[in-house]
$ cat model16.cif   # mmCIF, C-alpha atoms
data_input
#
loop_
_atom_site.group_PDB
_atom_site.id
_atom_site.type_symbol
_atom_site.label_atom_id
_atom_site.label_comp_id
_atom_site.auth_asym_id
_atom_site.auth_seq_id
_atom_site.Cartn_x
_atom_site.Cartn_y
_atom_site.Cartn_z
ATOM 1 C CA MET A 159 19.623 6.664 -9.097
ATOM 2 C CA LEU A 160 19.363 5.726 -5.434
ATOM 3 C CA VAL A 161 18.935 2.034 -4.643
ATOM 4 C CA THR A 162 17.659 1.174 -1.161
ATOM 5 C CA LEU A 163 17.832 -2.380 0.199
ATOM 6 C CA ILE A 164 15.504 -3.249 3.090
ATOM 7 C CA ALA A 165 15.390 -6.557 4.962
ATOM 8 C CA ALA A 166 15.116 -8.101 8.391
ATOM 9 C CA ARG A 167 18.803 -8.998 8.034
ATOM 10 C CA LEU A 168 21.166 -7.358 5.595
ATOM 11 C CA SER A 169 24.846 -8.197 5.513
ATOM 12 C CA PRO A 170 27.844 -6.585 3.845
ATOM 13 C CA GLY A 171 27.748 -9.584 1.512
ATOM 14 C CA ASP A 172 24.251 -8.565 0.407
ATOM 15 C CA VAL A 173 25.529 -5.081 -0.415
ATOM 16 C CA THR A 174 28.387 -6.602 -2.397
ATOM 17 C CA ALA A 175 25.967 -8.842 -4.309
ATOM 18 C CA ALA A 176 23.727 -5.872 -5.094
ATOM 19 C CA SER A 177 26.677 -3.740 -6.186
ATOM 20 C CA ASP A 178 27.968 -6.516 -8.432
ATOM 21 C CA ALA A 179 24.532 -6.860 -10.028
ATOM 22 C CA LEU A 180 24.446 -3.127 -10.681
ATOM 23 C CA ARG A 181 27.891 -3.210 -12.259
ATOM 24 C CA GLY A 182 26.689 -6.056 -14.449
ATOM 25 C CA LEU A 183 24.254 -3.595 -16.005
ATOM 26 C CA GLY A 184 26.980 -1.045 -16.608
ATOM 27 C CA ALA A 185 25.934 1.091 -13.636
ATOM 28 C CA VAL A 186 28.490 2.520 -11.224
ATOM 29 C CA PRO A 187 27.648 2.200 -7.498
ATOM 30 C CA ALA A 188 29.173 4.684 -5.054
ATOM 31 C CA ALA A 189 29.851 4.491 -1.315
ATOM 32 C CA VAL A 190 26.882 3.175 0.636
ATOM 33 C CA THR A 191 25.065 4.751 3.594
ATOM 34 C CA TRP A 192 23.429 2.547 6.193
ATOM 35 C CA LEU A 193 20.108 4.005 7.322
ATOM 36 C CA ASP A 194 19.958 1.343 10.019
ATOM 37 C CA PRO A 195 22.621 -1.346 10.491
ATOM 38 C CA SER A 196 21.599 -4.722 9.025
ATOM 39 C CA GLU A 197 18.130 -3.409 8.085
ATOM 40 C CA ALA A 198 18.312 -0.696 5.426
ATOM 41 C CA VAL A 199 21.093 0.663 3.224
ATOM 42 C CA ASP A 200 21.302 3.253 0.442
ATOM 43 C CA ILE A 201 23.467 2.644 -2.632
ATOM 44 C CA PRO A 202 23.902 5.686 -4.900
ATOM 45 C CA VAL A 203 24.240 4.607 -8.528
ATOM 46 C CA ARG A 204 25.333 6.401 -11.669
ATOM 47 C CA GLY A 205 23.799 5.061 -14.879
ATOM 48 C CA GLY A 206 21.129 2.469 -15.552
ATOM 49 C CA ALA A 207 17.347 2.533 -15.860
ATOM 50 C CA GLN A 208 15.051 2.152 -12.880
ATOM 51 C CA PRO A 209 13.211 -1.078 -13.880
ATOM 52 C CA ALA A 210 16.392 -2.893 -14.872
ATOM 53 C CA LEU A 211 18.237 -1.835 -11.718
ATOM 54 C CA ARG A 212 15.371 -2.975 -9.519
ATOM 55 C CA ALA A 213 15.062 -6.350 -11.271
ATOM 56 C CA ALA A 214 18.784 -7.028 -11.068
ATOM 57 C CA VAL A 215 19.053 -6.245 -7.368
ATOM 58 C CA GLU A 216 15.872 -8.163 -6.491
ATOM 59 C CA ALA A 217 17.392 -11.200 -8.206
ATOM 60 C CA ALA A 218 20.776 -10.743 -6.540
ATOM 61 C CA VAL A 219 19.366 -10.235 -3.014
ATOM 62 C CA PRO A 220 16.037 -12.102 -3.098
ATOM 63 C CA HIS A 221 15.301 -11.730 0.618
ATOM 64 C CA ALA A 222 15.452 -7.921 0.393
ATOM 65 C CA ASP A 223 12.907 -5.357 -0.678
ATOM 66 C CA VAL A 224 14.391 -2.985 -3.246
ATOM 67 C CA VAL A 225 13.417 0.631 -3.892
ATOM 68 C CA VAL A 226 14.979 2.464 -6.830
ATOM 69 C CA GLN A 227 14.283 6.160 -7.273
ATOM 70 C CA PRO A 228 15.895 9.200 -8.888
ATOM 71 C CA MET A 229 18.714 10.611 -6.801
ATOM 72 C CA GLY A 230 17.549 14.209 -7.147
ATOM 73 C CA ALA A 231 13.908 13.572 -6.176
ATOM 74 C CA GLU A 232 12.343 15.049 -3.044
ATOM 75 C CA ARG A 233 12.730 11.927 -0.930
ATOM 76 C CA ARG A 234 10.493 12.679 2.033
ATOM 77 C CA LYS A 235 7.042 12.930 0.535
ATOM 78 C CA ARG A 236 4.396 15.503 1.409
ATOM 79 C CA LEU A 237 1.442 13.284 0.528
ATOM 80 C CA LEU A 238 0.666 9.641 1.186
ATOM 81 C CA ILE A 239 -2.256 8.134 -0.732
ATOM 82 C CA ALA A 240 -3.064 4.575 0.269
ATOM 83 C CA ASP A 241 -5.361 1.696 -0.535
ATOM 84 C CA MET A 242 -7.024 0.048 2.461
ATOM 85 C CA ASP A 243 -7.836 -3.651 1.979
ATOM 86 C CA SER A 244 -4.730 -5.868 2.030
ATOM 87 C CA THR A 245 -2.620 -2.712 2.308
ATOM 88 C CA MET A 246 -3.412 -0.617 5.395
ATOM 89 C CA ILE A 247 -5.326 -3.572 6.849
ATOM 90 C CA GLY A 248 -4.582 -7.248 6.459
ATOM 91 C CA CYS A 249 -7.821 -8.492 4.911
ATOM 92 C CA GLU A 250 -10.368 -7.896 2.166
ATOM 93 C CA CYS A 251 -13.455 -6.704 4.036
ATOM 94 C CA ILE A 252 -15.946 -7.866 1.416
ATOM 95 C CA ASP A 253 -14.558 -11.399 1.667
ATOM 96 C CA GLU A 254 -14.879 -11.312 5.455
ATOM 97 C CA LEU A 255 -18.482 -10.084 5.259
ATOM 98 C CA ALA A 256 -19.189 -12.896 2.817
ATOM 99 C CA ASP A 257 -17.785 -15.372 5.313
ATOM 100 C CA TYR A 258 -20.490 -14.414 7.791
ATOM 101 C CA ALA A 259 -23.012 -15.158 5.031
ATOM 102 C CA GLY A 260 -21.386 -18.510 4.220
ATOM 103 C CA LEU A 261 -20.193 -17.264 0.822
ATOM 104 C CA LYS A 262 -16.521 -16.520 1.366
ATOM 105 C CA LEU A 263 -15.058 -18.947 -1.161
ATOM 106 C CA GLU A 264 -17.378 -17.747 -3.912
ATOM 107 C CA VAL A 265 -16.848 -14.050 -3.215
ATOM 108 C CA ALA A 266 -13.109 -14.326 -2.540
ATOM 109 C CA ALA A 267 -12.546 -15.930 -5.941
ATOM 110 C CA VAL A 268 -14.154 -12.927 -7.624
ATOM 111 C CA THR A 269 -12.157 -10.526 -5.423
ATOM 112 C CA GLU A 270 -8.917 -12.231 -6.374
ATOM 113 C CA ALA A 271 -9.734 -12.029 -10.082
ATOM 114 C CA ALA A 272 -10.666 -8.357 -9.804
ATOM 115 C CA MET A 273 -7.482 -7.510 -7.922
ATOM 116 C CA ARG A 274 -5.430 -9.309 -10.576
ATOM 117 C CA GLY A 275 -7.138 -7.126 -13.167
ATOM 118 C CA ASP A 276 -8.975 -10.007 -14.861
ATOM 119 C CA LEU A 277 -12.436 -8.509 -14.249
ATOM 120 C CA ASP A 278 -14.014 -5.083 -14.493
ATOM 121 C CA PHE A 279 -13.701 -3.715 -10.964
ATOM 122 C CA ALA A 280 -17.058 -1.916 -10.751
ATOM 123 C CA GLY A 281 -19.029 -4.811 -12.225
ATOM 124 C CA ALA A 282 -17.316 -7.320 -9.977
ATOM 125 C CA LEU A 283 -18.003 -5.155 -6.919
ATOM 126 C CA ARG A 284 -21.703 -4.812 -7.721
ATOM 127 C CA ALA A 285 -21.993 -8.560 -8.279
ATOM 128 C CA ARG A 286 -20.315 -9.417 -4.978
ATOM 129 C CA VAL A 287 -22.350 -6.889 -2.993
ATOM 130 C CA ALA A 288 -25.557 -8.308 -4.496
ATOM 131 C CA LEU A 289 -24.677 -11.671 -2.962
ATOM 132 C CA LEU A 290 -24.677 -10.064 0.495
ATOM 133 C CA LYS A 291 -28.297 -8.925 0.279
ATOM 134 C CA GLY A 292 -30.136 -9.626 3.515
ATOM 135 C CA LEU A 293 -27.065 -9.735 5.743
ATOM 136 C CA ASP A 294 -27.758 -8.040 9.066
ATOM 137 C CA GLU A 295 -26.105 -4.625 9.406
ATOM 138 C CA SER A 296 -24.713 -5.629 12.822
ATOM 139 C CA VAL A 297 -22.299 -7.975 11.067
ATOM 140 C CA ILE A 298 -20.250 -4.937 9.980
ATOM 141 C CA ALA A 299 -19.395 -4.025 13.575
ATOM 142 C CA ARG A 300 -18.718 -7.662 14.368
ATOM 143 C CA CYS A 301 -16.393 -7.950 11.364
ATOM 144 C CA LEU A 302 -14.541 -4.800 12.404
ATOM 145 C CA ALA A 303 -13.983 -6.179 15.886
ATOM 146 C CA GLU A 304 -13.129 -9.740 14.907
ATOM 147 C CA ARG A 305 -11.392 -9.571 11.533
ATOM 148 C CA VAL A 306 -10.001 -6.102 10.726
ATOM 149 C CA ARG A 307 -6.429 -5.592 11.870
ATOM 150 C CA GLU A 308 -4.064 -2.788 10.907
ATOM 151 C CA THR A 309 -1.058 -3.893 8.877
ATOM 152 C CA PRO A 310 2.133 -3.768 10.984
ATOM 153 C CA GLY A 311 4.069 -0.576 10.439
ATOM 154 C CA GLY A 312 1.050 1.391 9.253
ATOM 155 C CA SER A 313 0.541 3.446 12.382
ATOM 156 C CA THR A 314 4.220 4.345 12.552
ATOM 157 C CA LEU A 315 4.244 5.255 8.846
ATOM 158 C CA LEU A 316 1.313 7.642 9.258
ATOM 159 C CA ALA A 317 2.544 9.155 12.522
ATOM 160 C CA THR A 318 6.050 9.757 11.173
ATOM 161 C CA MET A 319 4.946 11.297 7.893
ATOM 162 C CA ARG A 320 2.326 13.491 9.544
ATOM 163 C CA LYS A 321 4.820 14.703 12.152
ATOM 164 C CA ALA A 322 7.041 15.751 9.240
ATOM 165 C CA GLY A 323 4.142 17.742 7.775
ATOM 166 C CA ALA A 324 2.746 15.315 5.204
ATOM 167 C CA ARG A 325 -0.956 14.787 4.508
ATOM 168 C CA ALA A 326 -2.578 11.389 4.002
ATOM 169 C CA ILE A 327 -5.542 10.159 1.961
ATOM 170 C CA LEU A 328 -7.128 6.725 2.375
ATOM 171 C CA VAL A 329 -8.916 5.861 -0.867
ATOM 172 C CA SER A 330 -10.547 2.452 -0.979
ATOM 173 C CA GLY A 331 -12.573 0.420 -3.418
ATOM 174 C CA GLY A 332 -13.940 -1.178 -0.248
ATOM 175 C CA PHE A 333 -16.541 0.267 2.055
ATOM 176 C CA SER A 334 -16.825 3.412 4.145
ATOM 177 C CA ALA A 335 -18.227 1.365 7.042
ATOM 178 C CA PHE A 336 -14.693 -0.002 7.411
ATOM 179 C CA ALA A 337 -12.602 2.775 5.872
ATOM 180 C CA GLU A 338 -13.916 5.494 8.166
ATOM 181 C CA PRO A 339 -12.989 3.806 11.488
ATOM 182 C CA VAL A 340 -9.712 2.514 10.048
ATOM 183 C CA GLY A 341 -8.875 5.931 8.611
ATOM 184 C CA ARG A 342 -9.692 7.716 11.849
ATOM 185 C CA ALA A 343 -7.611 5.278 13.888
ATOM 186 C CA LEU A 344 -4.625 5.841 11.618
ATOM 187 C CA SER A 345 -5.160 9.631 11.432
ATOM 188 C CA PHE A 346 -5.758 9.947 7.689
ATOM 189 C CA ASP A 347 -6.767 13.465 6.669
ATOM 190 C CA ARG A 348 -9.260 12.342 4.046
ATOM 191 C CA ILE A 349 -11.175 9.080 3.590
ATOM 192 C CA VAL A 350 -12.814 8.050 0.324
ATOM 193 C CA ALA A 351 -14.641 4.731 -0.072
ATOM 194 C CA ASN A 352 -17.787 3.067 -1.392
ATOM 195 C CA ARG A 353 -21.030 3.027 0.568
ATOM 196 C CA LEU A 354 -23.004 -0.138 1.184
ATOM 197 C CA GLY A 355 -26.741 0.156 0.725
ATOM 198 C CA ILE A 356 -28.624 -0.607 3.947
ATOM 199 C CA THR A 357 -32.414 -0.817 4.273
ATOM 200 C CA ASN A 358 -34.269 -1.624 7.499
ATOM 201 C CA GLY A 359 -31.089 -2.763 9.213
ATOM 202 C CA ARG A 360 -29.953 -5.145 6.465
ATOM 203 C CA LEU A 361 -27.645 -4.917 3.476
ATOM 204 C CA ASP A 362 -29.870 -4.390 0.453
ATOM 205 C CA GLY A 363 -27.411 -5.721 -2.115
ATOM 206 C CA THR A 364 -26.482 -2.359 -3.601
ATOM 207 C CA VAL A 365 -23.489 -0.067 -3.486
ATOM 208 C CA GLY A 366 -23.656 3.697 -3.850
ATOM 209 C CA GLU A 367 -22.830 5.311 -7.175
ATOM 210 C CA PRO A 368 -20.450 6.394 -8.523
ATOM 211 C CA ILE A 369 -18.160 3.545 -7.631
ATOM 212 C CA VAL A 370 -14.807 4.443 -6.064
ATOM 213 C CA ASP A 371 -12.477 2.754 -8.537
ATOM 214 C CA ALA A 372 -9.040 3.063 -10.116
ATOM 215 C CA ALA A 373 -9.924 6.353 -11.790
ATOM 216 C CA THR A 374 -11.120 7.789 -8.476
ATOM 217 C CA LYS A 375 -7.836 6.903 -6.814
ATOM 218 C CA ARG A 376 -5.824 8.647 -9.518
ATOM 219 C CA THR A 377 -8.134 11.675 -9.393
ATOM 220 C CA GLU A 378 -7.686 11.975 -5.621
ATOM 221 C CA LEU A 379 -3.917 11.939 -6.090
ATOM 222 C CA LEU A 380 -3.916 14.502 -8.888
ATOM 223 C CA GLY A 381 -6.366 16.763 -7.078
ATOM 224 C CA ALA A 382 -4.523 16.868 -3.767
ATOM 225 C CA GLY A 383 -2.587 19.998 -4.685
ATOM 226 C CA VAL A 384 0.830 18.447 -4.031
ATOM 227 C CA PRO A 385 3.508 18.288 -6.753
ATOM 228 C CA LEU A 386 3.567 14.713 -8.020
ATOM 229 C CA GLU A 387 7.269 14.257 -7.278
ATOM 230 C CA GLU A 388 6.397 14.829 -3.612
ATOM 231 C CA THR A 389 3.711 12.126 -3.463
ATOM 232 C CA LEU A 390 3.827 8.488 -2.374
ATOM 233 C CA ALA A 391 1.140 5.956 -3.334
ATOM 234 C CA VAL A 392 0.804 2.431 -1.955
ATOM 235 C CA GLY A 393 -1.557 -0.384 -2.921
ATOM 236 C CA ASP A 394 -1.725 -4.036 -3.862
ATOM 237 C CA GLY A 395 -4.199 -4.572 -6.693
ATOM 238 C CA ALA A 396 -4.861 -3.755 -10.328
ATOM 239 C CA ASN A 397 -7.247 -0.942 -9.371
ATOM 240 C CA ASP A 398 -4.297 0.794 -7.672
ATOM 241 C CA ILE A 399 -2.166 0.895 -10.824
ATOM 242 C CA PRO A 400 -3.199 4.368 -12.094
ATOM 243 C CA MET A 401 -2.300 6.045 -8.797
ATOM 244 C CA LEU A 402 0.895 3.991 -8.447
ATOM 245 C CA GLU A 403 1.983 5.099 -11.919
ATOM 246 C CA ALA A 404 1.046 8.750 -11.357
ATOM 247 C CA ALA A 405 2.715 9.192 -7.954
ATOM 248 C CA GLY A 406 6.250 10.444 -7.527
ATOM 249 C CA LEU A 407 6.968 7.118 -5.819
ATOM 250 C CA GLY A 408 4.525 4.270 -6.377
ATOM 251 C CA ILE A 409 5.009 1.288 -4.068
ATOM 252 C CA ALA A 410 3.212 -2.029 -4.474
ATOM 253 C CA PHE A 411 2.707 -3.821 -1.160
ATOM 254 C CA HIS A 412 2.611 -7.647 -1.151
ATOM 255 C CA ALA A 413 0.883 -7.068 -4.439
ATOM 256 C CA LYS A 414 -0.643 -8.878 -7.401
ATOM 257 C CA PRO A 415 1.747 -9.220 -10.368
ATOM 258 C CA ARG A 416 0.284 -6.408 -12.482
ATOM 259 C CA ALA A 417 0.457 -3.910 -9.647
ATOM 260 C CA ALA A 418 3.969 -5.039 -8.738
ATOM 261 C CA ALA A 419 5.128 -4.574 -12.332
ATOM 262 C CA ALA A 420 3.534 -1.116 -12.637
ATOM 263 C CA ALA A 421 5.001 0.269 -9.407
ATOM 264 C CA ASP A 422 8.416 1.819 -8.834
ATOM 265 C CA ALA A 423 9.042 -0.687 -6.048
ATOM 266 C CA HIS A 424 7.446 -3.809 -4.594
ATOM 267 C CA ILE A 425 7.561 -4.503 -0.863
ATOM 268 C CA ARG A 426 7.516 -8.300 -0.982
ATOM 269 C CA HIS A 427 8.800 -9.175 2.485
ATOM 270 C CA GLY A 428 8.598 -6.302 4.968
ATOM 271 C CA ASP A 429 5.765 -4.375 6.554
ATOM 272 C CA LEU A 430 4.666 -0.793 5.949
ATOM 273 C CA SER A 431 7.643 0.623 7.841
ATOM 274 C CA ALA A 432 9.627 -0.154 4.676
ATOM 275 C CA LEU A 433 7.999 2.952 3.195
ATOM 276 C CA LEU A 434 9.807 5.032 5.808
ATOM 277 C CA TRP A 435 13.226 3.642 4.880
ATOM 278 C CA ALA A 436 12.304 4.256 1.234
ATOM 279 C CA GLN A 437 11.944 7.931 2.163
ATOM 280 C CA GLY A 438 15.234 8.038 4.027
ATOM 281 C CA TYR A 439 13.820 7.935 7.565
ATOM 282 C CA ALA A 440 16.137 6.059 9.924
ATOM 283 C CA ARG A 441 14.566 4.436 12.989
ATOM 284 C CA ARG A 442 15.704 7.321 15.163
ATOM 285 C CA ASP A 443 13.401 9.555 13.090
ATOM 286 C CA TRP A 444 10.324 7.341 13.425
ATOM 287 C CA GLU A 445 7.316 8.379 15.467
ATOM 288 C CA MET A 446 6.650 4.992 17.006
ATOM 289 C CA ARG A 447 3.115 3.647 17.341
ATOM 290 C CA THR A 448 2.039 0.186 18.405
#
$ encode --input "model16.cif" --output "structure tokens"
Amino acid sequence: MLVTLIAARLSPGDVTAASDALRGLGAVPAAVTWLDPSEAVDIPVRGGAQPALRAAVEAAVPHADVVVQPMGAERRKRLLIADMDSTMIGCECIDELADYAGLKLEVAAVTEAAMRGDLDFAGALRARVALLKGLDESVIARCLAERVRETPGGSTLLATMRKAGARAILVSGGFSAFAEPVGRALSFDRIVANRLGITNGRLDGTVGEPIVDAATKRTELLGAGVPLEETLAVGDGANDIPMLEAAGLGIAFHAKPRAAAAADAHIRHGDLSALLWAQGYARRDWEMRT
């Protein structure tokens, strides 16, 4: 296995603590390689199972993000498939639309439950969209301008992977009115999202069928024509779990507990640039975007 530690500040003491934790599981760490001094380090390990290794190192170095993956895997992935809301952007767009309608607390509570996996995703989406009936269509553009911000590191992640020849799919249980401009700005190759019903310039309380849901995300991954070991999936909610589990490397990003548990790794502290270190890209290899 290859264990990668990522943090704003990593010390030799952190590497020692991680190595000791690995030895405590009966694993044998080898000589380390610093991808970037004090920020990211690789620890090759012989022996041990991925979930146990990850849990032990996360406990030993709690301020670090930990990625554990098979040593022999193709590290630099040829496909990135990503969720949008609270992953590639820093908000949940449906909650922000609801805020303009004075319903944010009510809608956000349902969103949170759906992302935890406590509610049926499609049913919860239809119910929340119904509450937005009558909202002026112009609010979408206003929300984009005022509320939607790309997650730090996302532009650099996309630019670096695409320069290396990878493709990227943005697949969102949110709405195409947001996903399409976000996806274009970040240079995704394909954008898949739900469509809000609009009649006479106002939201009509419906969402197009079929709903883009967890099954859709997994289908997009499996249908991309890239060997699974060469794919990377990233998301934060329960509806991302099937694609996180199917990908060669599934990374939960500041995620709900079920998604974090299902993924190969959980980025708890850093931004999306952590996904580059996970693939072995040192900063000198990054295609920087602001």
$ closest_residue --input "model16.cif" --among "A:Ala185, A:Val365, A:Val225, A:Leu193" --to "Ala282 (chain A)" --atoms "only C-alpha atoms"
A:Val365
$ resolve_selection --input "model16.cif" --expression "the PyMOL selection byres ((chain A and resi 331) around 8)" --output "list in words"
Asp241, Val329, Ser330, Gly332, Phe333, Ala351, Asn352, Ile369, Val370 and Asp371 of chain A
$ resolve_selection --input "model16.cif" --expression "the PyMOL selection byres ((chain A and resi 205-211) around 7)" --output "list in words"
Leu180, Leu183, Gly184, Ala185, Val186, Val203, Arg204, Arg212, Ala213, Ala214, Val215, Val226 and Gln227 of chain A
$ write_last_selection --input "model16.cif" --atoms "C-alpha atoms" --output "JSON list (two decimals), in the frame of the given file"
[["chain", "number", "residue", "atom", "x", "y", "z"],
["A", 180, "LEU", "CA", 24.45, -3.13, -10.68],
["A", 183, "LEU", "CA", 24.25, -3.60, -16.00],
["A", 184, "GLY", "CA", 26.98, -1.04, -16.61],
["A", 185, "ALA", "CA", 25.93, 1.09, -13.64],
["A", 186, "VAL", "CA", 28.49, 2.52, -11.22],
["A", 203, "VAL", "CA", 24.24, 4.61, -8.53],
["A", 204, "ARG", "CA", 25.33, 6.40, -11.67],
["A", 212, "ARG", "CA", 15.37, -2.98, -9.52],
["A", 213, "ALA", "CA", 15.06, -6.35, -11.27],
["A", 214, "ALA", "CA", 18.78, -7.03, -11.07],
["A", 215, "VAL", "CA", 19.05, -6.24, -7.37],
["A", 226, "VAL", "CA", 14.98, 2.46, -6.83],
["A", 227, "GLN", "CA", 14.28, 6.16, -7.27]]
$ closest_residue --input "model16.cif" --among "A:Ala391, A:Ala271, A:Ala198, A:Val384" --to "Pro415 (chain A)" --atoms "all atoms listed in the file"
A:Ala271
$ residues_around --input "model16.cif" --residues "Leu390 (chain A)" --least-positions-apart "2" --cutoff "9 Å" --atoms "all atoms listed in the file" --output "mmCIF file with C-alpha atoms, in the frame of the given file"
data_model
loop_
_atom_site.group_PDB
_atom_site.id
_atom_site.type_symbol
_atom_site.label_atom_id
_atom_site.label_comp_id
_atom_site.auth_asym_id
_atom_site.auth_seq_id
_atom_site.Cartn_x
_atom_site.Cartn_y
_atom_site.Cartn_z
ATOM 1 C CA LYS A 235 7.042 12.930 0.535
ATOM 2 C CA ARG A 236 4.396 15.503 1.409
ATOM 3 C CA LEU A 237 1.442 13.284 0.528
ATOM 4 C CA LEU A 238 0.666 9.641 1.186
ATOM 5 C CA ILE A 239 -2.256 8.134 -0.732
ATOM 6 C CA ALA A 240 -3.064 4.575 0.269
ATOM 7 C CA LEU A 386 3.567 14.713 -8.020
ATOM 8 C CA GLU A 387 7.269 14.257 -7.278
ATOM 9 C CA GLU A 388 6.397 14.829 -3.612
ATOM 10 C CA VAL A 392 0.804 2.431 -1.955
ATOM 11 C CA LEU A 402 0.895 3.991 -8.447
ATOM 12 C CA ALA A 405 2.715 9.192 -7.954
ATOM 13 C CA GLY A 406 6.250 10.444 -7.527
ATOM 14 C CA LEU A 407 6.968 7.118 -5.819
ATOM 15 C CA GLY A 408 4.525 4.270 -6.377
ATOM 16 C CA ILE A 409 5.009 1.288 -4.068
ATOM 17 C CA LEU A 433 7.999 2.952 3.195
#
$ resolve_selection --input "model16.cif" --expression "the PyMOL selection byres ((chain A and resi 396) around 9)" --output "PyMOL selection string"
chain A and resi 272-276+279+372+393-395+397-400+413-417
$ write_last_selection --input "model16.cif" --atoms "C-alpha atoms" --output "PDB file, keeping the file's coordinate frame"
ATOM      1  CA  ALA A 272     -10.666  -8.357  -9.804  1.00  0.00           C
ATOM      2  CA  MET A 273      -7.482  -7.510  -7.922  1.00  0.00           C
ATOM      3  CA  ARG A 274      -5.430  -9.309 -10.576  1.00  0.00           C
ATOM      4  CA  GLY A 275      -7.138  -7.126 -13.167  1.00  0.00           C
ATOM      5  CA  ASP A 276      -8.975 -10.007 -14.861  1.00  0.00           C
ATOM      6  CA  PHE A 279     -13.701  -3.715 -10.964  1.00  0.00           C
ATOM      7  CA  ALA A 372      -9.040   3.063 -10.116  1.00  0.00           C
ATOM      8  CA  GLY A 393      -1.557  -0.384  -2.921  1.00  0.00           C
ATOM      9  CA  ASP A 394      -1.725  -4.036  -3.862  1.00  0.00           C
ATOM     10  CA  GLY A 395      -4.199  -4.572  -6.693  1.00  0.00           C
ATOM     11  CA  ASN A 397      -7.247  -0.942  -9.371  1.00  0.00           C
ATOM     12  CA  ASP A 398      -4.297   0.794  -7.672  1.00  0.00           C
ATOM     13  CA  ILE A 399      -2.166   0.895 -10.824  1.00  0.00           C
ATOM     14  CA  PRO A 400      -3.199   4.368 -12.094  1.00  0.00           C
ATOM     15  CA  ALA A 413       0.883  -7.068  -4.439  1.00  0.00           C
ATOM     16  CA  LYS A 414      -0.643  -8.878  -7.401  1.00  0.00           C
ATOM     17  CA  PRO A 415       1.747  -9.220 -10.368  1.00  0.00           C
ATOM     18  CA  ARG A 416       0.284  -6.408 -12.482  1.00  0.00           C
ATOM     19  CA  ALA A 417       0.457  -3.910  -9.647  1.00  0.00           C
TER      20      ALA A 417
END
$ decode --input "model16.cif" --residues "region 301-312 of chain A" --atoms "N, CA, C and O atoms" --output "PDB file, in the first residue's frame"
ATOM      1  N   CYS A 301     -28.219  34.364  -8.185  1.00  0.00           N
ATOM      2  CA  CYS A 301     -27.589  33.395  -7.284  1.00  0.00           C
ATOM      3  C   CYS A 301     -26.206  33.011  -7.784  1.00  0.00           C
ATOM      4  O   CYS A 301     -25.250  32.913  -7.005  1.00  0.00           O
ATOM      5  N   LEU A 302     -26.082  32.778  -9.077  1.00  0.00           N
ATOM      6  CA  LEU A 302     -24.777  32.460  -9.663  1.00  0.00           C
ATOM      7  C   LEU A 302     -23.765  33.553  -9.362  1.00  0.00           C
ATOM      8  O   LEU A 302     -22.622  33.285  -8.984  1.00  0.00           O
ATOM      9  N   ALA A 303     -24.178  34.791  -9.543  1.00  0.00           N
ATOM     10  CA  ALA A 303     -23.260  35.915  -9.359  1.00  0.00           C
ATOM     11  C   ALA A 303     -22.930  36.160  -7.896  1.00  0.00           C
ATOM     12  O   ALA A 303     -21.786  36.489  -7.558  1.00  0.00           O
ATOM     13  N   GLU A 304     -23.907  35.974  -7.020  1.00  0.00           N
ATOM     14  CA  GLU A 304     -23.740  36.370  -5.627  1.00  0.00           C
ATOM     15  C   GLU A 304     -23.300  35.241  -4.689  1.00  0.00           C
ATOM     16  O   GLU A 304     -22.651  35.493  -3.674  1.00  0.00           O
ATOM     17  N   ARG A 305     -23.648  33.999  -5.032  1.00  0.00           N
ATOM     18  CA  ARG A 305     -23.467  32.924  -4.051  1.00  0.00           C
ATOM     19  C   ARG A 305     -22.528  31.804  -4.510  1.00  0.00           C
ATOM     20  O   ARG A 305     -21.941  31.135  -3.664  1.00  0.00           O
ATOM     21  N   VAL A 306     -22.448  31.551  -5.807  1.00  0.00           N
ATOM     22  CA  VAL A 306     -21.708  30.376  -6.293  1.00  0.00           C
ATOM     23  C   VAL A 306     -20.234  30.719  -6.450  1.00  0.00           C
ATOM     24  O   VAL A 306     -19.871  31.599  -7.225  1.00  0.00           O
ATOM     25  N   ARG A 307     -19.406  30.011  -5.707  1.00  0.00           N
ATOM     26  CA  ARG A 307     -17.964  30.210  -5.760  1.00  0.00           C
ATOM     27  C   ARG A 307     -17.277  28.860  -5.930  1.00  0.00           C
ATOM     28  O   ARG A 307     -17.621  27.886  -5.250  1.00  0.00           O
ATOM     29  N   GLU A 308     -16.302  28.794  -6.822  1.00  0.00           N
ATOM     30  CA  GLU A 308     -15.559  27.557  -7.009  1.00  0.00           C
ATOM     31  C   GLU A 308     -14.771  27.220  -5.748  1.00  0.00           C
ATOM     32  O   GLU A 308     -14.221  28.095  -5.097  1.00  0.00           O
ATOM     33  N   THR A 309     -14.725  25.952  -5.415  1.00  0.00           N
ATOM     34  CA  THR A 309     -13.943  25.486  -4.274  1.00  0.00           C
ATOM     35  C   THR A 309     -12.457  25.691  -4.568  1.00  0.00           C
ATOM     36  O   THR A 309     -11.986  25.351  -5.657  1.00  0.00           O
ATOM     37  N   PRO A 310     -11.701  26.239  -3.631  1.00  0.00           N
ATOM     38  CA  PRO A 310     -10.255  26.419  -3.855  1.00  0.00           C
ATOM     39  C   PRO A 310      -9.595  25.100  -4.273  1.00  0.00           C
ATOM     40  O   PRO A 310      -9.898  24.032  -3.751  1.00  0.00           O
ATOM     41  N   GLY A 311      -8.694  25.226  -5.221  1.00  0.00           N
ATOM     42  CA  GLY A 311      -7.976  24.073  -5.735  1.00  0.00           C
ATOM     43  C   GLY A 311      -8.647  23.396  -6.914  1.00  0.00           C
ATOM     44  O   GLY A 311      -8.005  22.617  -7.624  1.00  0.00           O
ATOM     45  N   GLY A 312      -9.924  23.683  -7.141  1.00  0.00           N
ATOM     46  CA  GLY A 312     -10.647  22.996  -8.204  1.00  0.00           C
ATOM     47  C   GLY A 312     -10.131  23.315  -9.592  1.00  0.00           C
ATOM     48  O   GLY A 312      -9.955  22.416 -10.427  1.00  0.00           O
TER      49      GLY A 312
END
